Each structure stands twice: as C-alpha cells, then as structure tokens.
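Everything below belongs to target_2.cif, which stores mmCIF, C-alpha atoms.
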```
data_work
loop_
_atom_site.label_atom_id
_atom_site.label_comp_id
_atom_site.auth_asym_id
_atom_site.auth_seq_id
_atom_site.Cartn_x
_atom_site.Cartn_y
_atom_site.Cartn_z
CA MET A 1 146.52 142.39 114.52
CA LYS A 2 148.28 139.49 112.78
CA LYS A 3 149.48 138.18 116.15
CA LEU A 4 145.92 138.22 117.45
CA ALA A 5 144.59 136.39 114.38
CA GLY A 6 147.43 133.87 114.65
CA ALA A 7 146.63 133.32 118.34
CA HIS A 8 142.95 132.75 117.52
CA LEU A 9 143.85 130.25 114.80
CA LEU A 10 146.20 128.43 117.19
CA LEU A 11 143.45 128.36 119.84
CA ILE A 12 140.95 126.94 117.34
CA LEU A 13 143.42 124.26 116.26
CA PHE A 14 144.18 123.41 119.90
CA ILE A 15 140.47 123.08 120.72
CA ALA A 16 139.94 120.93 117.63
CA LEU A 17 142.68 118.59 118.80
CA ILE A 18 141.18 118.33 122.28
CA MET A 19 137.64 117.61 121.06
CA PRO A 20 138.00 115.17 118.15
CA VAL A 21 134.94 114.07 116.21
CA HIS A 22 134.94 110.27 115.87
CA ALA A 23 131.71 109.70 113.92
CA SER A 24 128.35 111.02 112.92
CA VAL A 25 125.29 109.34 114.43
CA THR A 26 121.68 109.50 113.29
CA MET A 27 118.64 107.93 114.88
CA GLU A 28 115.26 107.50 113.20
CA ALA A 29 112.14 106.17 114.91
CA THR A 30 108.80 105.28 113.33
CA ILE A 31 105.66 104.25 115.16
CA ASP A 32 103.41 101.33 114.31
CA GLN A 33 102.36 98.59 116.74
CA SER A 34 105.78 99.32 118.23
CA ILE A 35 108.56 101.88 117.82
CA HIS A 36 111.03 100.91 115.10
CA VAL A 37 114.44 102.46 115.69
CA ILE A 38 117.27 102.76 113.17
CA LEU A 39 120.72 103.86 114.33
CA ASN A 40 123.43 104.76 111.83
CA PHE A 41 127.02 105.44 112.81
CA LYS A 42 128.98 106.85 109.88
CA ASN A 43 132.59 107.88 109.37
CA VAL A 44 133.72 106.20 112.59
CA SER A 45 137.47 106.53 113.09
CA SER A 46 139.26 103.24 112.40
CA GLN A 47 140.49 102.74 115.96
CA ILE A 48 137.06 103.43 117.50
CA TYR A 49 135.31 101.31 114.84
CA ASN A 50 137.49 98.30 115.65
CA GLU A 51 136.85 98.75 119.39
CA ILE A 52 133.09 98.99 118.87
CA LYS A 53 133.06 95.85 116.71
CA GLN A 54 134.49 93.86 119.62
CA THR A 55 131.64 94.65 122.03
CA PHE A 56 128.68 96.11 120.14
CA ASN A 57 125.81 93.89 119.07
CA ILE A 58 122.09 94.26 118.39
CA THR A 59 121.22 94.00 122.10
CA THR A 60 123.59 96.75 123.28
CA ILE A 61 121.35 99.80 122.84
CA PRO A 62 117.99 98.13 123.67
CA LEU A 63 119.44 96.76 126.93
CA ILE A 64 120.72 100.22 127.87
CA ILE A 65 117.31 101.72 127.09
CA GLU A 66 115.55 98.98 129.09
CA LYS A 67 117.82 99.50 132.12
CA ASN A 68 117.34 103.27 131.92
CA LEU A 69 113.55 102.88 131.83
CA GLU A 70 113.63 100.44 134.77
CA GLN A 71 115.41 103.12 136.81
CA GLN A 72 112.43 105.38 136.06
CA GLY A 73 109.95 102.70 137.21
CA LEU A 74 108.91 101.77 133.65
CA THR A 75 109.11 97.98 133.52
CA GLN A 76 106.47 97.04 130.93
CA VAL A 77 108.95 97.25 128.06
CA ARG A 78 109.80 94.73 125.38
CA TRP A 79 112.31 94.94 122.59
CA GLY A 80 113.53 92.84 119.71
CA TYR A 81 115.21 92.96 116.34
CA SER A 82 114.71 91.60 112.86
CA GLN A 83 118.31 91.56 111.72
CA ASP A 84 121.76 91.67 113.23
CA VAL A 85 123.99 94.75 113.26
CA ASP A 86 125.47 95.57 109.87
CA PHE A 87 129.16 96.47 110.09
CA ASN A 88 130.55 97.98 106.89
CA ASN A 89 134.33 97.63 107.07
CA LEU A 90 134.90 99.63 103.88
CA THR A 91 133.22 102.77 105.20
CA ASN A 92 133.62 102.20 108.97
CA SER A 93 129.86 102.43 109.35
CA ILE A 94 127.43 100.63 111.63
CA HIS A 95 123.72 100.14 110.98
CA ALA A 96 121.45 98.76 113.72
CA LYS A 97 117.67 98.28 113.70
CA PHE A 98 115.51 97.23 116.63
CA PHE A 99 112.02 97.78 117.97
CA LEU A 100 110.57 98.73 121.33
CA SER A 101 107.11 97.99 122.61
CA GLY A 102 105.21 97.48 125.83
CA SER A 103 102.53 99.39 127.68
CA ASP A 104 105.06 101.65 129.41
CA ILE A 105 106.23 102.91 126.01
CA ILE A 106 103.27 102.78 123.65
CA THR A 107 99.52 102.45 124.20
CA ILE A 108 97.14 101.92 121.29
CA THR A 109 93.42 102.58 121.53
CA PHE A 110 90.86 101.93 118.84
CA ASN A 111 87.84 104.14 118.18
CA LYS A 112 85.09 101.85 116.87
CA THR A 113 83.02 104.75 115.60
CA THR A 114 85.70 106.35 113.42
CA MET A 115 87.75 103.16 112.93
CA ALA A 116 90.84 105.15 113.89
CA ARG A 117 93.78 104.08 116.00
CA ARG A 118 95.21 106.42 118.60
CA TYR A 119 98.81 105.97 119.67
CA GLN A 120 100.03 107.36 122.96
CA VAL A 121 103.82 107.24 122.96
CA ARG A 122 106.12 107.99 125.87
CA THR A 123 109.42 109.46 124.82
CA GLU A 124 111.59 108.69 127.85
CA TRP A 125 113.11 105.74 125.96
CA ARG A 126 115.06 108.04 123.65
CA LYS A 127 117.01 109.67 126.49
CA PHE A 128 120.01 107.44 127.07
CA HIS A 129 123.79 107.44 127.27
CA ALA A 130 125.93 104.60 125.94
CA ASP A 131 129.68 104.10 126.23
CA LEU A 132 130.51 102.11 123.11
CA ALA A 133 134.30 102.26 123.27
CA GLU A 134 136.96 103.70 125.55
CA ASN A 135 136.85 107.10 123.85
CA PHE A 136 133.46 106.97 122.18
CA SER A 137 130.00 107.36 123.64
CA ILE A 138 126.65 108.58 122.46
CA ASN A 139 124.43 110.76 124.59
CA PHE A 140 120.82 111.29 123.57
CA GLN A 141 119.90 113.13 126.76
#
```

Translate the structure described by the file into structure tokens.
Amino acid sequence: MKKLAGAHLLLILFIALIMPVHASVTMEATIDQSIHVILNFKNVSSQIYNEIKQTFNITTIPLIIEKNLEQQGLTQVRWGYSQDVDFNNLTNSIHAKFFLSGSDIITITFNKTTMARRYQVRTEWRKFHADLAENFSINFQ
C-alpha cells in the first residue's frame, strides 16, 4: 500500500513539473457605450514576466481580438485605451485596460416611451488565444 501511495505522489509531482503554472489571469468586462475590458496578470514567473515586458503593450490584446473577429466576418469593430499597460516589477503583475466598440460588437437602441436604453452585445470578442511569451499564452476559448 505504501508503494502505491508513493507511486501516486511521484506521479502527481511529475505531472506538476510538466504542467507549470506561470500566472493567474482575470478578465473583467463592463458595458456602457462600449465594452470596457480589464485584464490582470498576477504572480507571473520572473522569466515569463521579463519576456512579456519586451513585446506586450496596450494594443496586443485588442489587435488579436480585432483579427479574430475579422476572420468571423465582423469588421465593424473599434478599440482604444485610456492608459498604457501598468507593469509592476515588484509583484510581477500586469494590468491592462482597453475598450471595444462598433456595431459588430454592441448595438444600442433607445426606447423614447420608457426612456430606456437597450444594449445588444455580441460575445464573440471574448473568445481569443494569445501567445504572450515563448512558454506563456492565454486562451479564452
């Protein structure tokens, strides 16, 4: 029985070494006249963090989303940002905020009787894959 438990522990350790966790990623989206997206990468391993800093900027994810939507025939898409990417070297964290808009993503109608706005939001934009470093990618598919 001890041999079997030891073998299971060894197998778990082996699998853990094969599939390392490099970071935790959260994405939050709120809807207004456009979709405001916040991405947070936390606890990124030092090596991966330094690689990402070399190539990642505020346009990285929106351009990937735009290209992905174009492949689906959705071309009425705009995006922008209000601040640059925040790299926190002390915690190896990355904070990025951007917005998406355009009639292929969000349509707003106004009911004059009730004075209410109605938002129709397509969610295809949130299904994307991004290679951010040699051994680090995010997949929201």

Item to check | Residues selected by the PyMOL selection byres ((chain A and resi 107) around 10), written as a VMD selection string | outcome: chain A and resid 33 to 34 101 to 106 108 to 109 118 to 122

Same residues, C-alpha atoms, saved as a CSV table (one decimal), in the coordinates of the input:
```
chain,number,residue,atom,x,y,z
A,33,GLN,CA,102.4,98.6,116.7
A,34,SER,CA,105.8,99.3,118.2
A,101,SER,CA,107.1,98.0,122.6
A,102,GLY,CA,105.2,97.5,125.8
A,103,SER,CA,102.5,99.4,127.7
A,104,ASP,CA,105.1,101.6,129.4
A,105,ILE,CA,106.2,102.9,126.0
A,106,ILE,CA,103.3,102.8,123.6
A,108,ILE,CA,97.1,101.9,121.3
A,109,THR,CA,93.4,102.6,121.5
A,118,ARG,CA,95.2,106.4,118.6
A,119,TYR,CA,98.8,106.0,119.7
A,120,GLN,CA,100.0,107.4,123.0
A,121,VAL,CA,103.8,107.2,123.0
A,122,ARG,CA,106.1,108.0,125.9
```

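Distances here use all atoms listed in the file; by that measure, the residue among A:Thr113, A:Gln71, A:Thr91, A:Thr123 closest to A:Phe140 is A:Thr123.
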
Checklist outcome for this item: Shortest contact to A:Asn57, candidates A:Val85, A:Leu100, A:Leu74, A:Ile94, atoms counted all atoms listed in the file, goes to A:Val85

Next on the checklist: One number please: atom CA of A:Ser24 to atom CA of A:Asn40, in Å, one decimal.
Outcome noted: 8.0 Å

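Of the listed residues A:Gly80, A:Lys67, A:Phe41, A:Pro62, the one whose atoms come nearest to A:Ser137 is A:Phe41, with distances taken using all atoms listed in the file.
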
Checklist entry - Residues picked by the PyMOL selection byres ((chain A and resi 53) around 10) here, as a PyMOL selection string? => result chain A and resi 48-52+54-57+85+87+89+94+132-133

Item to check | From A:Val44, A:Ile58, A:Val37, A:Ile65, residue lying nearest A:Asn135 [all atoms listed in the file] | outcome: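 Checking each of A:Val44, A:Ile58, A:Val37, A:Ile65 against A:Asn135, counting all atoms listed in the file, the winner is A:Val44.
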
Next on the checklist: Quick check, in Å to one decimal: how far apart do atom CA of A:Ser82 and atom CA of A:Ser45 lie?
Outcome noted: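 The value is 27.2 Å.
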
Checklist entry - What does the distance from atom CA of A:Thr75 to atom CA of A:Arg117 come to in Å, to one decimal? => result 24.1 Å

Checklist entry - Which residue gives the smallest distance to A:Phe128 among A:Ala23, A:Asp86, A:Lys42, A:Asn68, with all atoms listed in the file counted? => result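 Closest to A:Phe128 of all the choices is A:Asn68.
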
Checklist entry - So which one's closest to A:Lys97, A:Gln141, A:Ser46, A:Thr60, A:Thr114? Using all atoms listed in the file, please. => result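 Nearest to A:Lys97: A:Thr60.
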
Box in all listed atoms of stretch 134-140 of chain A, axis-aligned, with 6 Å more on each side; write out centre and edge lengths in Å to one decimal as lines of an AutoDock Vina configuration file.
```
center_x = 128.9
center_y = 107.5
center_z = 123.9
size_x = 28.1
size_y = 19.6
size_z = 15.4
```
